[in-house]
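Below is run.txt, holding compact mmCIF, C-alpha atoms.
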```txt
# COMPACT_ATOMS: atom_id res chain seq x y z
CA MET H 9 26.50 -38.02 -50.77
CA ARG H 10 27.66 -39.51 -47.52
CA THR H 11 24.71 -41.73 -47.25
CA ASN H 12 25.28 -42.84 -50.79
CA SER H 13 28.87 -43.87 -50.12
CA TRP H 14 27.69 -45.83 -47.11
CA LEU H 15 25.15 -47.74 -48.97
CA GLY H 16 26.92 -47.56 -52.25
CA ALA H 17 28.57 -50.93 -51.87
CA SER H 18 25.34 -52.83 -51.85
CA ASN H 19 22.84 -52.46 -54.64
CA MET H 20 20.88 -49.44 -53.61
CA ALA H 21 17.46 -49.24 -54.99
CA ALA H 22 17.11 -45.48 -54.38
CA GLU H 23 19.24 -43.39 -56.67
CA HIS H 24 18.46 -40.06 -55.12
CA LYS H 25 19.51 -39.24 -51.64
CA PRO H 26 16.69 -39.93 -49.17
CA LYS H 27 14.80 -36.79 -48.38
CA LEU H 28 15.05 -36.15 -44.66
CA SER H 29 12.20 -34.24 -43.12
CA LYS H 30 12.74 -30.83 -41.55
CA ASN H 31 11.96 -32.15 -38.09
CA LEU H 32 14.60 -34.79 -38.48
CA LEU H 33 17.15 -32.22 -39.55
CA ARG H 34 16.34 -30.16 -36.48
CA MET H 35 17.25 -32.93 -34.13
CA LYS H 36 20.43 -32.62 -32.15
CA PHE H 37 22.33 -35.56 -33.63
CA MET H 38 21.79 -34.23 -37.14
CA GLN H 39 23.11 -30.82 -36.21
CA ARG H 40 26.41 -31.93 -34.83
CA GLY H 41 27.81 -32.23 -38.28
CA LEU H 42 26.64 -28.87 -39.49
CA ASP H 43 28.82 -25.82 -39.45
CA SER H 44 27.96 -22.79 -37.38
CA GLU H 45 26.45 -20.79 -40.21
CA THR H 46 23.84 -23.31 -41.11
CA LYS H 47 23.15 -23.74 -37.44
CA LYS H 48 22.49 -20.03 -37.08
CA GLN H 49 20.22 -20.02 -40.07
CA LEU H 50 18.21 -22.89 -38.68
CA GLU H 51 17.90 -21.14 -35.33
CA GLU H 52 16.68 -17.97 -36.94
CA GLU H 53 14.12 -19.83 -38.93
CA GLU H 54 12.87 -21.50 -35.81
CA LYS H 55 12.56 -18.21 -33.99
CA LYS H 56 10.65 -16.74 -36.88
CA ILE H 57 8.21 -19.60 -36.84
CA ILE H 58 7.68 -19.26 -33.09
CA SER H 59 7.19 -15.49 -33.15
CA GLU H 60 4.80 -15.66 -36.02
CA GLU H 61 2.65 -18.02 -34.07
CA HIS H 62 2.25 -15.45 -31.29
CA TRP H 63 -0.94 -13.43 -31.47
CA TYR H 64 -0.89 -9.67 -31.30
CA LEU H 65 -3.34 -6.83 -31.69
CA ASP H 66 -2.90 -4.99 -34.89
CA LEU H 67 -4.70 -1.85 -33.74
CA PRO H 68 -2.55 1.26 -33.55
CA GLU H 69 -5.60 3.39 -32.78
CA LEU H 70 -6.21 1.46 -29.59
CA LYS H 71 -3.21 3.11 -28.05
CA GLU H 72 -4.57 6.52 -28.89
CA LYS H 73 -7.82 5.75 -27.14
CA GLU H 74 -5.97 4.66 -24.03
CA SER H 75 -6.89 7.34 -21.61
CA LEU H 76 -4.48 8.73 -19.09
CA ILE H 77 -7.11 9.52 -16.51
CA ILE H 78 -7.12 7.03 -13.70
CA GLU H 79 -10.05 6.66 -11.38
CA GLU H 80 -9.40 6.12 -7.70
CA GLN H 81 -12.02 6.07 -5.02
CA SER H 82 -9.70 6.34 -2.09
CA PHE H 83 -9.00 9.49 -0.11
CA LEU H 84 -5.56 8.24 0.86
CA LEU H 85 -4.06 9.50 -2.38
CA CYS H 86 -5.70 12.86 -2.11
CA GLU H 87 -4.99 13.97 1.40
CA ASP H 88 -2.12 13.05 3.67
CA LEU H 89 -4.05 11.71 6.57
CA LEU H 90 -2.46 10.80 9.86
CA TYR H 91 -2.54 7.35 11.33
CA GLY H 92 -5.94 6.47 12.77
CA ARG H 93 -4.88 5.39 16.26
CA MET H 94 -3.81 8.06 18.69
CA SER H 95 -2.90 8.20 22.31
CA PHE H 96 -2.09 11.26 24.40
CA ARG H 97 -0.24 11.83 27.65
CA GLY H 98 0.97 8.29 27.94
CA PHE H 99 -2.38 6.55 28.10
CA ASN H 100 -1.23 3.74 25.80
CA PRO H 101 2.57 3.68 25.26
CA GLU H 102 2.46 1.18 22.40
CA VAL H 103 0.06 3.32 20.46
CA GLU H 104 2.27 6.35 21.03
CA LYS H 105 5.21 4.46 19.62
CA LEU H 106 3.12 3.42 16.67
CA MET H 107 2.07 7.02 16.10
CA LEU H 108 5.67 8.13 15.78
CA GLN H 109 6.49 5.23 13.51
CA MET H 110 3.56 5.53 11.15
CA ASN H 111 3.52 9.29 10.92
CA SER H 112 7.20 9.49 10.21
CA LYS H 113 6.85 6.92 7.47
CA SER H 114 4.60 9.22 5.50
CA LYS H 115 6.89 12.20 5.93
CA THR H 116 9.68 11.45 3.53
CA GLU H 117 11.40 14.80 3.85
CA GLU H 118 12.18 14.47 7.51
CA ILE H 119 14.83 11.89 8.07
CA GLU H 120 14.49 10.91 11.66
CA ASP H 121 17.09 8.86 13.37
CA GLU H 122 15.13 6.31 15.24
CA ILE H 123 16.93 4.97 18.21
CA VAL H 124 15.72 1.47 18.33
CA GLU H 125 15.48 0.41 21.91
CA VAL H 126 16.80 -3.05 22.30
CA ASP H 127 16.73 -5.18 25.42
CA VAL H 128 20.44 -5.97 25.21
CA SER H 129 22.96 -3.38 24.03
CA ASP H 130 25.34 -4.16 21.20
CA GLU H 131 28.44 -4.28 23.38
CA GLU H 132 26.91 -6.64 25.84
CA MET H 133 25.79 -8.82 22.98
CA ALA H 134 29.33 -8.96 21.62
CA ARG H 135 30.75 -9.88 24.98
CA ARG H 136 28.26 -12.63 25.56
CA TYR H 137 28.77 -14.01 22.11
CA GLU H 138 32.51 -14.11 22.66
CA SER H 139 32.11 -16.33 25.69
CA LEU H 140 29.31 -18.31 24.12
CA VAL H 141 31.60 -19.54 21.37
CA GLY H 142 33.99 -20.81 24.01
CA THR H 143 31.44 -22.65 26.13
CA ILE H 144 29.70 -24.31 23.22
CA GLY H 145 33.02 -25.14 21.64
CA LYS H 146 34.13 -26.82 24.85
CA LYS H 147 30.99 -28.93 24.87
CA PHE H 148 31.76 -30.38 21.48
CA ALA H 149 35.50 -30.64 21.91
CA LYS H 150 37.04 -34.03 22.50
CA LYS H 151 38.50 -34.88 25.90
CA ARG H 152 42.01 -34.13 24.69
CA ASP H 153 41.06 -30.69 23.45
CA ARG H 154 39.19 -29.73 26.58
CA ALA H 155 42.48 -29.02 28.27
CA ASN H 156 43.01 -26.19 25.79
CA TYR H 157 40.04 -24.26 27.09
CA GLU H 158 40.86 -21.98 29.95
CA GLU H 159 38.84 -19.62 32.04
CA ASP H 160 39.28 -15.97 31.33
CA GLU H 161 39.29 -13.35 34.06
CA ASN H 162 35.56 -12.72 33.59
CA GLY H 163 34.67 -16.37 33.79
CA ASN H 164 34.39 -16.67 30.02
CA MET H 165 35.62 -19.77 28.31
CA LYS H 166 38.43 -19.13 25.85
CA LEU H 167 40.42 -21.43 23.66
CA THR H 168 44.10 -20.75 24.41
CA LYS H 169 46.17 -23.17 22.38
CA THR H 170 45.96 -23.37 18.67
CA LYS H 171 44.78 -26.70 17.44
CA LYS H 172 47.49 -29.16 16.46
CA MET H 173 47.61 -29.74 12.79
CA PHE H 174 49.64 -32.12 10.72
CA LEU H 175 53.07 -30.65 9.97
CA LYS H 176 54.67 -31.79 6.84
CA PRO H 177 58.21 -33.04 7.49
CA GLN H 178 60.79 -30.77 5.94
CA ASP H 179 63.69 -32.51 4.35
CA MET R 16 -22.41 30.55 -1.94
CA ALA R 17 -25.30 32.03 -3.93
CA GLU R 18 -22.95 33.50 -6.52
CA ALA R 19 -21.07 30.31 -6.88
CA ALA R 20 -24.29 28.40 -7.45
CA ALA R 21 -25.43 30.98 -9.97
CA VAL R 22 -22.20 30.75 -11.92
CA GLY R 23 -22.43 27.00 -11.86
CA ALA R 24 -25.97 27.04 -13.13
CA GLU R 25 -25.01 29.43 -15.90
CA SER R 26 -22.31 27.27 -17.28
CA LEU R 27 -24.52 24.22 -17.08
CA ALA R 28 -27.25 25.97 -18.93
CA SER R 29 -24.92 27.10 -21.69
CA GLY R 30 -23.56 23.56 -21.97
CA GLN R 31 -19.93 24.60 -21.74
CA ALA R 32 -17.38 22.72 -19.78
CA ARG R 33 -15.27 24.73 -17.40
CA ALA R 34 -11.59 24.33 -16.93
CA ALA R 35 -10.71 22.38 -13.84
CA ARG R 36 -7.97 24.80 -12.95
CA ALA R 37 -10.38 27.70 -12.87
CA VAL R 38 -12.79 25.98 -10.54
CA LEU R 39 -10.42 24.90 -7.81
CA GLY R 40 -11.86 25.52 -4.37
CA GLN R 41 -15.29 26.37 -5.76
CA LEU R 42 -18.55 24.55 -5.58
CA VAL R 43 -19.22 21.99 -8.28
CA LEU R 44 -22.49 20.20 -8.89
CA PRO R 45 -23.06 16.67 -10.20
CA GLY R 46 -23.31 16.55 -13.94
CA GLU R 47 -20.72 19.20 -14.64
CA GLU R 48 -17.88 18.44 -16.95
CA LEU R 49 -14.43 19.76 -16.28
CA LEU R 50 -11.63 20.24 -18.75
CA LEU R 51 -8.17 19.17 -17.93
CA PRO R 52 -5.41 21.74 -18.44
CA GLU R 53 -3.97 20.24 -21.59
CA HIS R 54 -7.31 20.35 -23.37
CA GLU R 55 -8.19 23.90 -22.51
CA ASP R 56 -6.63 25.48 -25.57
CA ALA R 57 -8.24 23.15 -28.00
CA GLU R 58 -11.76 23.51 -26.71
CA GLY R 59 -11.93 27.08 -25.50
CA PRO R 60 -14.88 29.25 -26.45
CA GLY R 61 -14.67 30.22 -30.12
CA GLY R 62 -13.11 33.54 -30.97
CA ALA R 63 -11.95 34.27 -27.49
CA GLY R 64 -8.80 36.32 -27.73
CA GLU R 65 -5.76 35.43 -29.74
CA ARG R 66 -4.65 31.95 -30.22
CA PRO R 67 -1.22 31.12 -31.63
CA LEU R 68 -1.41 29.54 -35.04
CA ARG R 69 -0.12 26.04 -35.15
CA LEU R 70 1.03 24.60 -38.42
CA SER R 71 0.95 21.09 -37.15
CA PRO R 72 -0.96 19.85 -34.16
CA ALA R 73 1.39 19.96 -31.23
CA PRO R 74 1.99 16.55 -29.71
CA ARG R 75 -0.20 16.37 -26.66
CA SER R 76 1.86 15.88 -23.57
CA ARG R 77 0.13 12.92 -22.08
CA VAL R 78 0.23 13.52 -18.41
CA ARG R 79 -1.32 11.00 -16.11
CA VAL R 80 -4.07 12.51 -14.04
CA VAL R 81 -5.81 10.78 -11.18
CA CYS R 82 -9.46 11.54 -10.60
CA GLY R 83 -10.35 10.87 -7.02
CA PRO R 84 -13.59 10.51 -5.11
CA GLY R 85 -16.50 12.46 -6.54
CA LEU R 86 -15.16 12.50 -10.10
CA ARG R 87 -15.46 10.12 -12.99
CA ARG R 88 -13.83 9.89 -16.36
CA CYS R 89 -15.95 10.96 -19.29
CA GLY R 90 -14.00 10.78 -22.50
CA GLU R 91 -11.15 13.20 -22.03
CA ARG R 92 -12.96 15.22 -19.39
CA LEU R 93 -13.86 14.78 -15.78
CA LEU R 94 -17.48 14.35 -14.81
CA VAL R 95 -18.54 15.48 -11.37
CA THR R 96 -20.70 13.02 -9.46
CA LYS R 97 -20.87 14.59 -6.00
CA CYS R 98 -21.51 18.13 -4.93
CA GLY R 99 -18.77 19.82 -3.03
CA ARG R 100 -15.61 21.82 -3.51
CA LEU R 101 -13.10 20.81 -6.12
CA ARG R 102 -9.61 20.21 -4.78
CA HIS R 103 -6.30 19.53 -6.44
CA LYS R 104 -3.01 18.22 -5.23
CA GLU R 105 0.23 18.73 -7.09
CA PRO R 106 2.13 15.58 -7.81
CA GLY R 107 5.34 14.77 -6.01
CA GLY R 108 7.07 13.35 -9.05
CA GLY R 109 5.68 12.62 -12.48
CA GLY R 110 2.00 12.48 -13.27
CA GLY R 111 -0.47 15.33 -13.40
CA GLY R 112 -1.72 15.40 -9.88
CA VAL R 113 -4.96 14.42 -8.22
CA TYR R 114 -8.34 16.11 -8.51
CA TRP R 115 -11.16 15.30 -6.13
CA VAL R 116 -14.37 16.67 -4.71
CA ASP R 117 -14.49 17.48 -1.02
CA SER R 118 -18.00 16.41 -0.18
CA GLN R 119 -19.89 15.47 2.95
CA GLN R 120 -21.79 12.32 3.65
CA LYS R 121 -22.71 10.02 6.49
CA ARG R 122 -23.07 6.72 4.68
CA TYR R 123 -19.81 4.89 4.16
CA VAL R 124 -18.95 2.95 1.02
CA PRO R 125 -16.08 0.47 1.46
CA VAL R 126 -12.92 1.49 -0.33
CA LYS R 127 -9.80 -0.60 -0.69
CA GLY R 128 -7.01 0.41 1.66
CA ASP R 129 -9.18 2.28 4.14
CA HIS R 130 -8.68 1.66 7.84
CA VAL R 131 -12.04 1.15 9.52
CA ILE R 132 -13.54 0.16 12.84
CA GLY R 133 -15.85 -2.79 12.57
CA ILE R 134 -18.08 -4.70 14.98
CA VAL R 135 -17.96 -8.50 14.83
CA THR R 136 -21.48 -9.75 14.27
CA ALA R 137 -21.02 -13.42 13.54
CA LYS R 138 -18.52 -16.22 13.41
CA SER R 139 -19.05 -18.53 10.49
CA GLY R 140 -16.54 -21.27 10.00
CA ASP R 141 -13.15 -19.73 9.40
CA THR R 142 -14.28 -16.18 8.91
CA PHE R 143 -15.86 -13.46 10.96
CA LYS R 144 -18.61 -11.24 9.68
CA VAL R 145 -17.82 -7.64 10.57
CA ASP R 146 -20.26 -4.78 10.32
CA VAL R 147 -18.46 -1.74 8.89
CA GLY R 148 -21.45 0.45 8.14
CA GLY R 149 -21.60 -0.42 4.46
CA SER R 150 -24.28 -2.22 2.52
CA GLU R 151 -23.07 -5.64 3.55
CA PRO R 152 -20.89 -6.99 6.34
CA ALA R 153 -17.25 -7.50 5.49
CA SER R 154 -15.60 -10.85 5.93
CA LEU R 155 -12.46 -11.22 8.04
CA SER R 156 -10.51 -14.43 7.99
CA TYR R 157 -9.16 -15.69 11.29
CA LEU R 158 -5.73 -16.10 9.68
CA ALA R 159 -5.55 -12.39 8.95
CA PHE R 160 -4.20 -11.50 12.37
CA GLU R 161 -0.59 -11.23 13.39
CA GLY R 162 0.77 -14.54 14.57
CA ALA R 163 -2.36 -16.48 13.76
CA THR R 164 -2.06 -20.00 12.51
CA LYS R 165 -4.54 -22.78 12.06
CA ARG R 166 -3.81 -24.03 15.55
CA ASN R 167 -3.32 -20.64 17.17
CA ARG R 168 -6.61 -18.85 16.65
CA PRO R 169 -7.09 -15.20 17.54
CA ASN R 170 -9.19 -14.45 20.56
CA VAL R 171 -12.09 -12.63 18.90
CA GLN R 172 -15.66 -12.82 20.17
CA VAL R 173 -18.94 -11.62 18.75
CA GLY R 174 -19.38 -7.98 19.68
CA ASP R 175 -15.67 -7.11 19.68
CA LEU R 176 -14.36 -4.01 17.98
CA ILE R 177 -11.86 -4.56 15.21
CA TYR R 178 -9.53 -2.02 13.57
CA GLY R 179 -8.55 -3.29 10.15
CA GLN R 180 -8.18 -2.36 6.51
CA PHE R 181 -9.91 -3.47 3.34
CA VAL R 182 -8.15 -5.63 0.80
CA VAL R 183 -11.13 -6.15 -1.46
CA ALA R 184 -13.80 -3.49 -1.76
CA ASN R 185 -15.73 -2.97 -4.96
CA LYS R 186 -19.34 -2.90 -5.97
CA ASP R 187 -19.33 -6.42 -7.34
CA MET R 188 -17.92 -8.39 -4.44
CA GLU R 189 -18.35 -8.77 -0.74
CA PRO R 190 -15.82 -6.56 1.04
CA GLU R 191 -12.96 -8.34 2.74
CA MET R 192 -10.80 -6.92 5.47
CA VAL R 193 -7.65 -7.94 7.25
CA CYS R 194 -5.89 -6.92 10.44
CA ILE R 195 -2.42 -7.34 9.02
CA ASP R 196 -0.34 -5.39 6.54
CA SER R 197 1.43 -6.69 3.47
CA CYS R 198 4.52 -7.59 5.50
CA GLY R 199 2.53 -9.64 7.96
CA ARG R 200 2.73 -7.17 10.86
CA ALA R 201 -0.24 -5.87 12.76
CA ASN R 202 0.77 -2.18 12.88
CA GLY R 203 -1.85 -1.37 15.45
CA MET R 204 -4.66 -3.26 13.77
CA GLY R 205 -6.62 -6.00 15.43
CA VAL R 206 -9.02 -6.14 18.34
CA ILE R 207 -9.51 -2.82 20.12
CA GLY R 208 -9.26 -3.14 23.86
CA GLN R 209 -11.78 -3.17 26.61
CA ASP R 210 -14.03 -0.31 27.70
CA GLY R 211 -14.20 2.94 25.86
CA LEU R 212 -17.04 4.31 23.76
CA LEU R 213 -17.84 3.95 20.07
CA PHE R 214 -19.87 6.63 18.33
CA LYS R 215 -20.58 7.77 14.80
CA VAL R 216 -19.80 11.03 13.02
CA THR R 217 -19.82 12.19 9.43
CA LEU R 218 -17.09 11.08 7.04
CA GLY R 219 -15.96 14.60 6.32
CA LEU R 220 -15.27 15.24 10.00
CA ILE R 221 -13.02 12.20 10.21
CA ARG R 222 -10.93 13.48 7.34
CA LYS R 223 -10.79 16.91 8.89
CA LEU R 224 -9.65 15.49 12.22
CA LEU R 225 -7.01 13.33 10.59
CA ALA R 226 -5.51 16.21 8.66
CA PRO R 227 -1.89 16.79 9.64
CA ASP R 228 -2.50 20.22 11.15
CA CYS R 229 -5.76 19.69 12.97
CA GLU R 230 -6.14 22.02 15.93
CA ILE R 231 -8.93 20.06 17.52
CA ILE R 232 -6.76 17.02 18.05
CA GLN R 233 -3.93 19.09 19.43
CA GLU R 234 -6.20 20.79 21.94
CA VAL R 235 -7.91 17.56 22.92
CA GLY R 236 -4.55 15.94 23.52
CA LYS R 237 -3.72 18.55 26.14
CA LEU R 238 -6.80 17.89 28.25
CA TYR R 239 -6.08 14.57 29.89
CA PRO R 240 -4.63 11.13 29.07
CA LEU R 241 -6.76 9.48 26.46
CA GLU R 242 -6.77 7.13 23.54
CA ILE R 243 -8.67 7.55 20.27
CA VAL R 244 -9.14 5.35 17.25
CA PHE R 245 -10.54 6.86 14.04
CA GLY R 246 -12.23 4.68 11.47
CA MET R 247 -12.70 6.02 7.95
CA ASN R 248 -16.24 4.70 8.07
CA GLY R 249 -17.26 7.50 10.37
CA ARG R 250 -16.73 5.65 13.64
CA ILE R 251 -14.64 6.95 16.51
CA TRP R 252 -13.68 5.01 19.61
CA VAL R 253 -12.48 6.95 22.64
CA LYS R 254 -11.23 5.88 26.01
CA ALA R 255 -10.12 7.91 29.01
CA ARG R 256 -9.51 7.18 32.67
CA THR R 257 -13.05 7.80 33.86
CA ILE R 258 -16.44 7.44 32.24
CA GLN R 259 -17.14 11.15 32.61
CA GLN R 260 -14.00 12.10 30.70
CA THR R 261 -14.87 9.62 27.97
CA LEU R 262 -18.33 11.12 27.60
CA ILE R 263 -16.92 14.62 27.46
CA LEU R 264 -14.66 13.56 24.61
CA ALA R 265 -17.54 12.00 22.73
CA ASN R 266 -19.58 15.19 23.07
CA ILE R 267 -16.68 17.32 21.89
CA PHE R 268 -16.17 15.30 18.74
CA GLU R 269 -19.82 15.13 17.89
CA ALA R 270 -20.28 18.87 18.33
CA CYS R 271 -17.03 20.21 16.91
CA GLU R 272 -18.21 19.92 13.36
CA HIS R 273 -20.68 22.74 13.76
CA MET R 274 -18.71 24.98 16.09
CA THR R 275 -16.73 28.00 15.10
CA PRO R 276 -13.12 28.17 16.31
CA GLU R 277 -14.02 30.73 18.99
CA GLN R 278 -16.75 28.57 20.47
CA ARG R 279 -14.36 25.67 20.47
CA ARG R 280 -11.70 27.61 22.30
CA GLN R 281 -14.22 28.72 24.89
CA ILE R 282 -15.28 25.18 25.56
CA PHE R 283 -11.73 23.94 25.81
CA SER R 284 -10.74 26.67 28.21
CA ARG R 285 -13.75 25.85 30.36
CA LEU R 286 -12.80 22.21 30.38
CA ALA R 287 -9.22 22.96 31.17
CA GLU R 288 -10.30 24.92 34.21
CA SER R 289 -12.52 22.22 35.67
```
Let's see the structure in the file written out as structure tokens.
Amino acid sequence: MRTNSWLGASNMAAEHKPKLSKNLLRMKFMQRGLDSETKKQLEEEEKKIISEEHWYLDLPELKEKESLIIEEQSFLLCEDLLYGRMSFRGFNPEVEKLMLQMNSKSKTEEIEDEIVEVDVSDEEMARRYESLVGTIGKKFAKKRDRANYEEDENGNMKLTKTKKMFLKPQD
Amino acid sequence: MAEAAAVGAESLASGQARAARAVLGQLVLPGEELLLPEHEDAEGPGGAGERPLRLSPAPRSRVRVVCGPGLRRCGERLLVTKCGRLRHKEPGGGGGGVYWVDSQQKRYVPVKGDHVIGIVTAKSGDTFKVDVGGSEPASLSYLAFEGATKRNRPNVQVGDLIYGQFVVANKDMEPEMVCIDSCGRANGMGVIGQDGLLFKVTLGLIRKLLAPDCEIIQEVGKLYPLEIVFGMNGRIWVKARTIQQTLILANIFEACEHMTPEQRRQIFSRLAES
């Protein structure tokens, strides 16, 4: 109807409205004018077409034949074996550490608190980091701001003054 | 043993399959078929005792059962392929547990996930050929070590001992091993250090020694400082402070399979004294 009114002024040869193909109707610019219901219908039709094109096995008896016996050739499932490397009386300390680690992994019932030995303790790390921020900050601070950095009692660099920001004038 | 064999032969002759549950811990011979628990009622010997009448076939509870080494699937039953004792392990959660045959053999067949000791026999291009005691040498890529990159190659020479695990091991392909776990960490795998002694034992002994409550290992550990590496392919590497101690260890392990616990204790007490 719309198309007719458009072309109605001139002598239109076609009297029926031009049949638009389905592909054309599916294009985005054609769907802007549609209402939501027709849009939904079109979407559903599309989904149906796509899902019908998917192949599937129509054999319900195949599932019955699916056996629930699984074949495994490994002894690891059968027996809980210990880790293969062992060291006794401190002959190889790394292997002894590994032994504890690997054998405790397999024992899920025992929850062992492993004290992870670190080279630097947490507190020391925090202290160093505190001063690190100051020293690196000083390096990148402009000459004016360097005066704000002062030495702490431990020799750590600390920023004392708060940075000057723009203060809005109050009327 | 004679009675067990006789019973086994009887059931084979009569062509009946025995229930797996009834045979746990007993000797089974190759060719026997075992019934899983859920199928026992349906296929029991005809007319044996009372059976509850069922109006409709009860839905079979499909429980997943794993058949381990020495067993194969044969329809809904298990077929025994190795002679030994039948074992069963209850499942931790879900599933129907694991059945396997505890057998003895000396020849190793590569299995995925096993940790083995291998000897490097050749370097070809980017891979090493490692002899693991199977039918063909396994291949080990030089990138399969911790911290190895194309520029940073691992220091592995021909004749070195390697402790690694299989990632590919089936009858159709060449076995492949790596010295790294799935996270990229070595976890003790890689080249085994200098000195020490490598010797071969049966596969069953390795599994016995690696059991969680093995007395032999506990007693050996009290003797003197030492280091041991067990490979599932039947190879053991030992190292102690002196050559004599290393040789003593090797003799202990090779002999302990055929010793009774009393003999073992005698030998250990004699060693502890000297």
- Would you mind reading off the distance between CA of Gly205 (chain R) and CA of Lys127 (chain R), one decimal, in Å?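 CA of Lys127 (chain R) lies 17.3 Å from CA of Gly205 (chain R).
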- Pick from R:Glu242, R:Glu288, R:Asp129, R:Glu48 nearest to Met192 (chain R), counting only C-alpha atoms: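 Checking each of R:Glu242, R:Glu288, R:Asp129, R:Glu48 against Met192 (chain R), counting only C-alpha atoms, the winner is R:Asp129.
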Report as CSV: every residue of chain H with an atom at most 9 Å from chain R, its closest pair of atoms, and their distance in Å to one decimal, counting all atoms listed in the file, with rows sorted by chain and ascending residue number.
```
residue,atom,partner,partner_atom,distance
H:Ser75,CA,R:Glu91,CA,7.3
H:Leu76,CA,R:Arg79,CA,4.9
H:Ile77,CA,R:Val80,CA,4.9
H:Ile78,CA,R:Val81,CA,4.7
H:Glu79,CA,R:Cys82,CA,5.0
H:Glu80,CA,R:Gly83,CA,4.9
H:Gln81,CA,R:Pro84,CA,4.7
H:Ser82,CA,R:Val126,CA,6.1
H:Phe83,CA,R:Pro84,CA,6.9
H:Leu84,CA,R:Asp129,CA,7.7
H:Leu85,CA,R:Val113,CA,7.7
H:Cys86,CA,R:Val113,CA,6.3
H:Glu87,CA,R:Ala226,CA,7.6
H:Asp88,CA,R:Ala226,CA,6.8
H:Leu89,CA,R:Ala226,CA,5.2
H:Leu90,CA,R:Leu225,CA,5.3
H:Tyr91,CA,R:Leu225,CA,7.5
H:Gly92,CA,R:Phe245,CA,4.8
H:Arg93,CA,R:Val244,CA,4.4
H:Met94,CA,R:Ile243,CA,5.1
H:Ser95,CA,R:Glu242,CA,4.2
H:Phe96,CA,R:Pro240,CA,5.3
H:Arg97,CA,R:Pro240,CA,4.7
H:Gly98,CA,R:Pro240,CA,6.4
H:Phe99,CA,R:Pro240,CA,5.2
H:Asn100,CA,R:Glu242,CA,6.9
H:Glu102,CA,R:Gly203,CA,8.6
H:Val103,CA,R:Gly203,CA,7.1
H:Leu106,CA,R:Gly203,CA,7.0
H:Met110,CA,R:Asn202,CA,8.4
```
- Between CA of Glu230 (chain R) and CA of Arg279 (chain R) - distance in Å to one decimal: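 Answer for the CA of Arg279 (chain R) to CA of Glu230 (chain R) separation: 10.1 Å.
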- Task: Go through R:Ala265, R:Ala37, R:Cys271, R:Ala153 one by one, measure the shortest atom-to-atom distance of each to Val182 (chain R) using all atoms listed in the file, and give the residue with the smallest value.
- Result: R:Ala153
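The space separating CA of Glu272 (chain R) from CA of Arg100 (chain R) comes to 17.2 Å.
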- Task: Fewer than 5 positions away in the same chain doesn't count, so skip those; otherwise give me all residues within 9 Å of Ala201 (chain R), counting all atoms listed in the file, as a ChimeraX atom specification.
- Result: /R:160-162,194-196
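Residues in contact with Asn170 (chain R) at 10 Å, where only C-alpha atoms are counted and same-chain residues fewer than 5 positions away are skipped, are listed as Tyr157, Ala163, Asp175 and Val206 of chain R.
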- Task: Mind checking which residues fall within 9 Å of Phe268 (chain R), counting all atoms listed in the file, ignoring those fewer than 4 positions away in the same chain, and posting them as a count of residues only?
- Result: 7
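For Gly148 (chain R), the residues within 12 Å (counting all atoms listed in the file, excluding itself and residues fewer than 2 positions away along the chain) are Lys121, Arg122, Tyr123, Val124, Pro125, Val131, Ile132, Gly133, Ile134, Val135, Thr136, Val145, Asp146, Ser150, Glu151, Pro152, Ala153, Pro190, Lys215, Val216, Thr217, Leu218, Gly246, Met247, Asn248, Gly249 and Arg250 of chain R.
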- Using all atoms listed in the file, determine which residues lie at most 12 Å from region 54-62 of chain H, disregarding the query and same-chain residues fewer than 4 positions distant; provide the list as a count of residues only. 7
